[in-house]
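All remarks here apply to the structure that follows.
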Amino acid sequence: MKKYSWLAIMAIQGIGASGAAAAAAKQSEFGKIAEGTVQAVELSNSHGITARIITLGAAIQALQVPDRTGKPADIVLGYATPAEYVAKPQYFGATVGRYANRIAAGEFTLDGKRYTLAKNDGPNHLHGGTHGYDKVLWKIDSISQGSPARVVLLYVSPDGDAGYPGTLKLTATYTLSEENELAVEYRATTDKPTVVNITNHSYFNLGGESSGKDILGHRLTLMADAYTPVDKTLIPTGERRAVTGTPFDFRTAETIGRRIRDGKEEQLVIGRGYDHTYVINGAAGALKMTARVEDPASGRVMELLTTAPGVQFYTGNFLDGTSFGKSGHVYRQSDAFCLEPGVFPDTPNHKDFPTSRLDPGATYVNQIVYRFPTPKR
Ligand code: GLA
C-alpha cells in the first residue's frame, strides 16, 4: 500500500494543520446538455462558505455564505439545471467574453482592419455575442484540495470566434481560502492582436436568492470618483463624469435604492436603474479594495477587490419575472446587483479609455476577489 504522510492525509481529507477542517474541493456531475456533460466543482471552507462552479460558462452556480447568526444562504442567482441555463441564458454567475459588455454597432477597427460582430443587444454587440464564453463548456484543468481549494478551467476560443481575431487561450481559476475569500482570476493569451474583456457576471443578493427580498436596502460603498455616462443604447459617450452631487456617488455607504427612482437623473432613466461603469480610483493592475456591500437585515457583507480599471454596477434592471431561480422563486427587477470588473464598455472605439488590446506574447489578467468578512452579531 502506498504510504501517505500525516499531512498529506489531512490535506486529502480537507483538514488543516491546526486540526480544523480546511478548504476542500469535490467534483460531481451537474447534468447533460447537447454539447456534453456539465461538471460541477464545489469548493468549501471551514467557515461555512461553499461555492459551486460549473463548467458551463465557467460559472458560479451557487454560493453559500453564513449570516450573522451563522445560518448559510445561497447569495447568487442561478438555475437548478443546465437545461435552464441553455433555454434562458441570463449570464447568471457566468464568465463573459471575449468582450464583456457592449461594443457599439458590433464594429471596431484594429490595426486598420474593420471587424464585424453580432448585434445581439439592439444595435450593439453584448457580452461576446450569441455564443459567448458563458454558453460554452469549459474543461477542468486541475482541482486542488486543502487550503486554499481551487479549480482551474480552460477554454480555447478559435481565431475568428464570434468575429474576433486571434486564437485566445483562456483560464478561469476559482480559489476559496480559509480567509473567506473567493478569488477569480482570468488569464488569456493570443496568437494575433485582439481585444479582450473578461469578467464574472454574478448576480448577488446578500439576503439570499430565495429570500423574496430585493437588494434596494443593501448599503453600497464604491471607491470611484467618476463614472462613464451612456447614450440611449447604453454605449459610453466617452465622458468621465464626476459622481459628486449625483445619485451615482457611493463613496460613502448609501442604500442602493435611495436614489434609484430619481426621474430627473437622465442616466438612471436611460439605464432603468444603475447600469454603468465606474472608473475605479487608483492605478489599474494592482489588486485593490473597490466596493463593499452590506445587507443590514442578514448582516452579510461582501467586499470586492480587483485589478481592473472599471466596474460595471448593474441593478438587475432587465430581470422581468420570466426567470425561475433554483429555489423556485421568480427573479424580478432589483432582485440582485452585479459588480462586473473589467475595462470600460466599447473601449475598442474609444482611444482614451484604458486599453482592451492584447498582443501575442502578452498575458491578459483580470483578478477579482469576493471577500466575506465574518458578520458582526
Ligand atoms: C450587463 C449589462 C446590462 C445587461 C446585463 C445582462 O450588466 O450592462 O445592460 O445586459 O449585463 O442582462
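As shown in the C-alpha cells, the chain order sets the letters A, B, ...; within each chain, residues go from 1, and ligands are also counted from 1 in the order they appear.
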Using only C-alpha atoms, what table do you get, as a tab-separated table, when you list each residue of stretch 299-352 of chain A with an atom no more than 6 Å from stretch 262-277 of chain A, its nearest pair of atoms, and their distance in Å rounded to one decimal, rows by chain then rising number?
residue	atom	partner	partner_atom	distance
A:Val311	CA	A:Thr277	CA	5.2
A:Gln312	CA	A:Thr277	CA	4.1
A:Phe313	CA	A:His276	CA	5.5
A:Tyr314	CA	A:Asp275	CA	4.2
A:Thr315	CA	A:Tyr274	CA	5.6
A:Asn317	CA	A:Arg272	CA	6.0
Export all heavy atoms of the chosen residues as a short mmCIF file (atom, residue, chain, number, x, y, z; two decimals), in the first residue's frame?
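selection_33.cif was written with the following content:
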data_model
loop_
_atom_site.label_atom_id
_atom_site.label_comp_id
_atom_site.auth_asym_id
_atom_site.auth_seq_id
_atom_site.Cartn_x
_atom_site.Cartn_y
_atom_site.Cartn_z
N VAL A 311 -15.59 49.09 -13.13
CA VAL A 311 -16.53 48.06 -12.65
C VAL A 311 -17.93 48.48 -13.07
O VAL A 311 -18.36 49.61 -12.85
CB VAL A 311 -16.41 47.83 -11.12
CG1 VAL A 311 -16.73 49.08 -10.31
CG2 VAL A 311 -17.27 46.66 -10.66
N GLN A 312 -18.62 47.56 -13.75
CA GLN A 312 -20.00 47.82 -14.15
C GLN A 312 -20.90 47.53 -12.96
O GLN A 312 -20.89 46.42 -12.42
CB GLN A 312 -20.37 46.90 -15.33
CG GLN A 312 -21.77 47.09 -15.88
CD GLN A 312 -21.87 48.23 -16.89
OE1 GLN A 312 -20.84 48.81 -17.27
NE2 GLN A 312 -23.06 48.56 -17.33
N PHE A 313 -21.64 48.55 -12.55
CA PHE A 313 -22.60 48.37 -11.46
C PHE A 313 -23.98 48.27 -12.10
O PHE A 313 -24.44 49.19 -12.78
CB PHE A 313 -22.52 49.55 -10.48
CG PHE A 313 -23.60 49.55 -9.42
CD1 PHE A 313 -23.92 48.39 -8.73
CD2 PHE A 313 -24.28 50.72 -9.11
CE1 PHE A 313 -24.92 48.39 -7.75
CE2 PHE A 313 -25.28 50.73 -8.14
CZ PHE A 313 -25.59 49.56 -7.47
N TYR A 314 -24.62 47.13 -11.93
CA TYR A 314 -25.89 46.83 -12.61
C TYR A 314 -26.88 46.32 -11.57
O TYR A 314 -26.53 45.46 -10.76
CB TYR A 314 -25.62 45.78 -13.70
CG TYR A 314 -26.84 45.20 -14.37
CD1 TYR A 314 -27.75 46.02 -15.05
CD2 TYR A 314 -27.10 43.83 -14.33
CE1 TYR A 314 -28.86 45.48 -15.68
CE2 TYR A 314 -28.22 43.29 -14.95
CZ TYR A 314 -29.09 44.12 -15.63
OH TYR A 314 -30.19 43.58 -16.23
N THR A 315 -28.09 46.85 -11.59
CA THR A 315 -29.06 46.51 -10.53
C THR A 315 -30.15 45.55 -11.03
O THR A 315 -31.29 45.61 -10.56
CB THR A 315 -29.67 47.80 -9.92
OG1 THR A 315 -29.93 48.76 -10.96
CG2 THR A 315 -28.72 48.42 -8.93
N ASN A 317 -31.76 45.38 -13.80
CA ASN A 317 -32.91 46.12 -14.35
C ASN A 317 -33.70 45.34 -15.39
O ASN A 317 -34.87 45.62 -15.62
CB ASN A 317 -32.42 47.44 -14.96
CG ASN A 317 -31.46 48.15 -14.03
OD1 ASN A 317 -31.64 48.12 -12.82
ND2 ASN A 317 -30.43 48.77 -14.56
#
Residues near A:Leu339, cut-off 12 Å, only C-alpha atoms, skip fewer than 6 positions along chain, as a VMD selection string = chain A and resid 93 199 to 205 220 to 222 274 to 278 280 290 to 293 302 to 306 308 310 to 316 368 to 370
Apply DSSP to the backbone of this structure and, from stretch 123-258 of chain A, keep only the residues in helix (DSSP H, G or I); write these as number ranges by chain.
-> A: 133-135, 161-163
Selected residues written out, all heavy atoms, as a PDB file, in the first residue's frame:
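For reference, again-v2.pdb as written:
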ATOM      1  N   TYR A 133     -18.581  33.167 -24.029  1.00  0.00           N
ATOM      2  CA  TYR A 133     -17.936  32.216 -23.109  1.00  0.00           C
ATOM      3  C   TYR A 133     -18.875  31.723 -22.005  1.00  0.00           C
ATOM      4  O   TYR A 133     -18.581  30.729 -21.339  1.00  0.00           O
ATOM      5  CB  TYR A 133     -16.676  32.832 -22.491  1.00  0.00           C
ATOM      6  CG  TYR A 133     -15.657  33.264 -23.515  1.00  0.00           C
ATOM      7  CD1 TYR A 133     -14.693  34.212 -23.217  1.00  0.00           C
ATOM      8  CD2 TYR A 133     -15.667  32.718 -24.800  1.00  0.00           C
ATOM      9  CE1 TYR A 133     -13.764  34.611 -24.166  1.00  0.00           C
ATOM     10  CE2 TYR A 133     -14.747  33.115 -25.753  1.00  0.00           C
ATOM     11  CZ  TYR A 133     -13.804  34.067 -25.434  1.00  0.00           C
ATOM     12  OH  TYR A 133     -12.893  34.460 -26.365  1.00  0.00           O
ATOM     13  N   ASP A 134     -19.994  32.425 -21.817  1.00  0.00           N
ATOM     14  CA  ASP A 134     -20.999  31.981 -20.847  1.00  0.00           C
ATOM     15  C   ASP A 134     -21.775  30.766 -21.365  1.00  0.00           C
ATOM     16  O   ASP A 134     -22.438  30.085 -20.593  1.00  0.00           O
ATOM     17  CB  ASP A 134     -21.994  33.112 -20.537  1.00  0.00           C
ATOM     18  CG  ASP A 134     -22.728  33.587 -21.788  1.00  0.00           C
ATOM     19  OD1 ASP A 134     -22.047  34.035 -22.741  1.00  0.00           O
ATOM     20  OD2 ASP A 134     -23.970  33.490 -21.832  1.00  0.00           O
ATOM     21  N   LYS A 135     -21.726  30.532 -22.675  1.00  0.00           N
ATOM     22  CA  LYS A 135     -22.569  29.483 -23.272  1.00  0.00           C
ATOM     23  C   LYS A 135     -21.786  28.246 -23.704  1.00  0.00           C
ATOM     24  O   LYS A 135     -22.355  27.327 -24.287  1.00  0.00           O
ATOM     25  CB  LYS A 135     -23.330  30.051 -24.462  1.00  0.00           C
ATOM     26  CG  LYS A 135     -24.288  31.159 -24.041  1.00  0.00           C
ATOM     27  CD  LYS A 135     -25.113  31.700 -25.176  1.00  0.00           C
ATOM     28  CE  LYS A 135     -25.987  32.841 -24.695  1.00  0.00           C
ATOM     29  NZ  LYS A 135     -25.231  34.054 -24.307  1.00  0.00           N
ATOM     30  N   ASP A 161     -13.571  33.434 -33.812  1.00  0.00           N
ATOM     31  CA  ASP A 161     -14.702  33.116 -32.942  1.00  0.00           C
ATOM     32  C   ASP A 161     -15.559  34.371 -32.733  1.00  0.00           C
ATOM     33  O   ASP A 161     -15.041  35.404 -32.291  1.00  0.00           O
ATOM     34  CB  ASP A 161     -14.140  32.630 -31.587  1.00  0.00           C
ATOM     35  CG  ASP A 161     -15.193  32.014 -30.688  1.00  0.00           C
ATOM     36  OD1 ASP A 161     -16.314  31.758 -31.159  1.00  0.00           O
ATOM     37  OD2 ASP A 161     -14.868  31.768 -29.503  1.00  0.00           O
ATOM     38  N   ALA A 162     -16.827  34.294 -33.079  1.00  0.00           N
ATOM     39  CA  ALA A 162     -17.780  35.409 -32.942  1.00  0.00           C
ATOM     40  C   ALA A 162     -17.337  36.660 -33.702  1.00  0.00           C
ATOM     41  O   ALA A 162     -17.869  37.750 -33.471  1.00  0.00           O
ATOM     42  CB  ALA A 162     -18.021  35.726 -31.464  1.00  0.00           C
ATOM     43  N   GLY A 163     -16.346  36.494 -34.581  1.00  0.00           N
ATOM     44  CA  GLY A 163     -15.868  37.633 -35.380  1.00  0.00           C
ATOM     45  C   GLY A 163     -14.593  38.265 -34.860  1.00  0.00           C
ATOM     46  O   GLY A 163     -14.014  39.149 -35.491  1.00  0.00           O
TER      47      GLY A 163
END
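For stretch 59-62 of chain A, the non-local neighbours within 6 Å, defined as residues at least 2 positions apart in the same chain or in other chains and counting only C-alpha atoms, are Ala51, Arg52, Ile53, Ile54, Gly57, Val76, Gly78, Gly93, Ala94 and Thr95 of chain A.
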Per DSSP on the backbone, what are the strand (DSSP E) residues of stretch 40-166 of chain A, as an MDAnalysis selection string?
-> chainID A and resid 40:44 50:54 59:66 72:74 94:96 102:103 107:110 113:116 125:126 139:144 149:157
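Around A:His47, within 8 Å and counting only C-alpha atoms, the residues found are Asn45, Ile49, Glu178 and Asn180 of chain A, once anything fewer than 2 positions away on its own chain is removed.
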Using only C-alpha atoms, which residues sit within 6 Å of A:Ala25 once same-chain residues fewer than 4 positions away are excluded, as an NGL selection string?
-> :A and (42-43 or 145 or 149)
Show which residues sit within 10 Å of A:Glu254, as an MDAnalysis selection string. Count only C-alpha atoms, and ignore same-chain residues fewer than 3 positions away.
-> chainID A and resid 217:222 247 249:251 257:259 293:294
Which value, in Å to one decimal, gives the distance between atom CA of A:Ser334 and atom CA of A:Lys232?
-> 20.3 Å
Just the residues within 8 Å of stretch 101-108 of chain A, please, counting only C-alpha atoms, with nothing from its chain fewer than 3 positions along; format it as a PyMOL selection string.
-> chain A and resi 114-119+123-128+234-235+345-349
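Distances to ligand 1 were evaluated for A:Val38, A:Ala100, A:Ala87, A:Ala226 using only C-alpha atoms and all ligand atoms, and the minimum falls at A:Ala100.
In this model, the gap between atom CA of A:Phe30 and atom CA of A:Val86 comes to 13.4 Å.
Residue nearest A:Lys71, chosen from A:Thr255, A:Gly48, A:Tyr364, A:Val96 and counting only C-alpha atoms: A:Gly48.
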